[in-house]
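Source file: input14.pdb (PDB, C-alpha atoms)
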```
MODEL        1
ATOM      1  CA  ASP A   1     -47.592  67.341 -45.647  1.00  0.00           C
ATOM      2  CA  LEU A   2     -44.934  68.986 -47.753  1.00  0.00           C
ATOM      3  CA  PRO A   3     -45.482  72.008 -49.963  1.00  0.00           C
ATOM      4  CA  GLY A   4     -45.191  71.048 -53.641  1.00  0.00           C
ATOM      5  CA  ASP A   5     -41.957  72.955 -54.208  1.00  0.00           C
ATOM      6  CA  SER A   6     -40.142  71.160 -51.384  1.00  0.00           C
ATOM      7  CA  ILE A   7     -40.024  67.802 -53.204  1.00  0.00           C
ATOM      8  CA  PRO A   8     -37.551  68.941 -55.909  1.00  0.00           C
ATOM      9  CA  TRP A   9     -35.394  70.554 -53.235  1.00  0.00           C
ATOM     10  CA  ARG A  10     -35.341  67.317 -51.249  1.00  0.00           C
ATOM     11  CA  ALA A  11     -34.527  65.317 -54.388  1.00  0.00           C
ATOM     12  CA  ASP A  12     -31.630  67.682 -55.103  1.00  0.00           C
ATOM     13  CA  LEU A  13     -30.371  67.267 -51.540  1.00  0.00           C
ATOM     14  CA  ALA A  14     -30.600  63.474 -51.820  1.00  0.00           C
ATOM     15  CA  HIS A  15     -28.611  63.696 -55.065  1.00  0.00           C
ATOM     16  CA  THR A  16     -25.866  65.678 -53.308  1.00  0.00           C
ATOM     17  CA  LEU A  17     -25.851  63.245 -50.401  1.00  0.00           C
ATOM     18  CA  ARG A  18     -25.592  60.323 -52.819  1.00  0.00           C
ATOM     19  CA  GLY A  19     -22.465  61.753 -54.440  1.00  0.00           C
ATOM     20  CA  SER A  20     -20.851  62.624 -51.125  1.00  0.00           C
ATOM     21  CA  ALA A  21     -21.604  59.180 -49.717  1.00  0.00           C
ATOM     22  CA  ARG A  22     -20.040  57.498 -52.735  1.00  0.00           C
ATOM     23  CA  ALA A  23     -16.941  59.669 -52.377  1.00  0.00           C
ATOM     24  CA  ILE A  24     -16.322  58.402 -48.842  1.00  0.00           C
ATOM     25  CA  GLY A  25     -17.354  54.801 -49.453  1.00  0.00           C
ATOM     26  CA  ALA A  26     -20.709  54.949 -47.653  1.00  0.00           C
ATOM     27  CA  THR A  27     -22.330  52.696 -50.229  1.00  0.00           C
ATOM     28  CA  ARG A  28     -25.538  51.946 -48.336  1.00  0.00           C
ATOM     29  CA  VAL A  29     -26.190  55.660 -47.789  1.00  0.00           C
ATOM     30  CA  ALA A  30     -25.578  56.303 -51.498  1.00  0.00           C
ATOM     31  CA  ILE A  31     -28.005  53.573 -52.543  1.00  0.00           C
ATOM     32  CA  LYS A  32     -30.757  54.722 -50.172  1.00  0.00           C
ATOM     33  CA  ALA A  33     -30.244  58.361 -51.210  1.00  0.00           C
ATOM     34  CA  GLU A  34     -30.580  57.367 -54.851  1.00  0.00           C
ATOM     35  CA  ILE A  35     -33.794  55.444 -54.154  1.00  0.00           C
ATOM     36  CA  TYR A  36     -35.235  58.461 -52.330  1.00  0.00           C
ATOM     37  CA  GLU A  37     -34.116  60.832 -55.080  1.00  0.00           C
ATOM     38  CA  VAL A  38     -35.668  58.755 -57.860  1.00  0.00           C
ATOM     39  CA  GLN A  39     -38.943  58.321 -56.010  1.00  0.00           C
ATOM     40  CA  ALA A  40     -39.119  62.045 -55.221  1.00  0.00           C
ATOM     41  CA  ARG A  41     -38.447  63.030 -58.815  1.00  0.00           C
ATOM     42  CA  GLU A  42     -41.047  60.530 -60.059  1.00  0.00           C
ATOM     43  CA  GLY A  43     -43.626  62.002 -57.707  1.00  0.00           C
ATOM     44  CA  ALA A  44     -44.129  58.966 -55.485  1.00  0.00           C
ATOM     45  CA  ALA A  45     -47.222  59.356 -53.337  1.00  0.00           C
ATOM     46  CA  ASN A  46     -45.493  58.192 -50.161  1.00  0.00           C
ATOM     47  CA  LEU A  47     -41.822  59.045 -49.658  1.00  0.00           C
ATOM     48  CA  LYS A  48     -41.807  58.106 -45.983  1.00  0.00           C
ATOM     49  CA  PRO A  49     -40.511  54.502 -46.425  1.00  0.00           C
ATOM     50  CA  ALA A  50     -37.626  55.699 -48.618  1.00  0.00           C
ATOM     51  CA  LEU A  51     -36.858  58.515 -46.185  1.00  0.00           C
ATOM     52  CA  MET A  52     -36.874  56.143 -43.207  1.00  0.00           C
ATOM     53  CA  ALA A  53     -34.507  53.751 -45.025  1.00  0.00           C
ATOM     54  CA  LEU A  54     -32.197  56.653 -45.869  1.00  0.00           C
ATOM     55  CA  GLN A  55     -32.283  57.888 -42.290  1.00  0.00           C
ATOM     56  CA  SER A  56     -31.395  54.415 -41.022  1.00  0.00           C
ATOM     57  CA  ALA A  57     -28.439  54.192 -43.414  1.00  0.00           C
ATOM     58  CA  VAL A  58     -27.196  57.635 -42.355  1.00  0.00           C
ATOM     59  CA  ASP A  59     -27.542  56.716 -38.674  1.00  0.00           C
ATOM     60  CA  ASP A  60     -25.529  53.520 -39.239  1.00  0.00           C
ATOM     61  CA  ALA A  61     -22.835  55.456 -41.112  1.00  0.00           C
ATOM     62  CA  CYS A  62     -22.628  58.030 -38.304  1.00  0.00           C
ATOM     63  CA  ARG A  63     -22.196  55.260 -35.742  1.00  0.00           C
ATOM     64  CA  ALA A  64     -19.455  53.647 -37.850  1.00  0.00           C
ATOM     65  CA  ILE A  65     -17.643  56.972 -38.167  1.00  0.00           C
ATOM     66  CA  ALA A  66     -17.925  57.583 -34.415  1.00  0.00           C
ATOM     67  CA  ASP A  67     -16.479  54.118 -33.747  1.00  0.00           C
ATOM     68  CA  LEU A  68     -13.546  54.855 -36.042  1.00  0.00           C
ATOM     69  CA  LEU A  69     -12.864  58.170 -34.322  1.00  0.00           C
ATOM     70  CA  ARG A  70     -12.878  56.507 -30.919  1.00  0.00           C
ATOM     71  CA  GLY A  71     -10.144  54.200 -32.139  1.00  0.00           C
TER      72      GLY A  71
ENDMDL
END
```
Could the structure of this file be written out as structure tokens, please?
Amino acid sequence: DLPGDSIPWRADLAHTLRGSARAIGATRVAIKAEIYEVQAREGAANLKPALMALQSAVDDACRAIADLLRG
């Protein structure tokens, strides 16, 4: 369980991630970060599904970046 004050911090972090993802064209990450952010700010009882979707999008983006760097 998360302490009550950690939810706004996580929502703020998701907001930052959303903007950064949009700036580099990582659209799926931006969308999933926005979903997580909105749910966190609205006080959703269970953020785990949104967090897992965001994590999956970030993992996919990391793999795509690694592939690009490998050439």
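Taking CA of Leu17 in chain A as the reference point, CA of Leu68 in chain A is found at 20.7 Å.
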Run the PyMOL selection byres ((chain A and resi 26-29) around 10) on the file and write out the hits as number ranges by chain.
A: 14, 17-25, 30-35, 53-61, 64
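Note that the spacing between CA of Leu13 in chain A and CA of Ala40 in chain A amounts to 10.8 Å.
Counting only C-alpha atoms and comparing A:Met52, A:Gly71, A:Ile7, A:Ala66, the residue that lies closest to Glu37 in chain A is A:Ile7.
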CA of Lys48 in chain A to CA of Arg10 in chain A, straight-line distance in Å
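The value is 12.4 Å.
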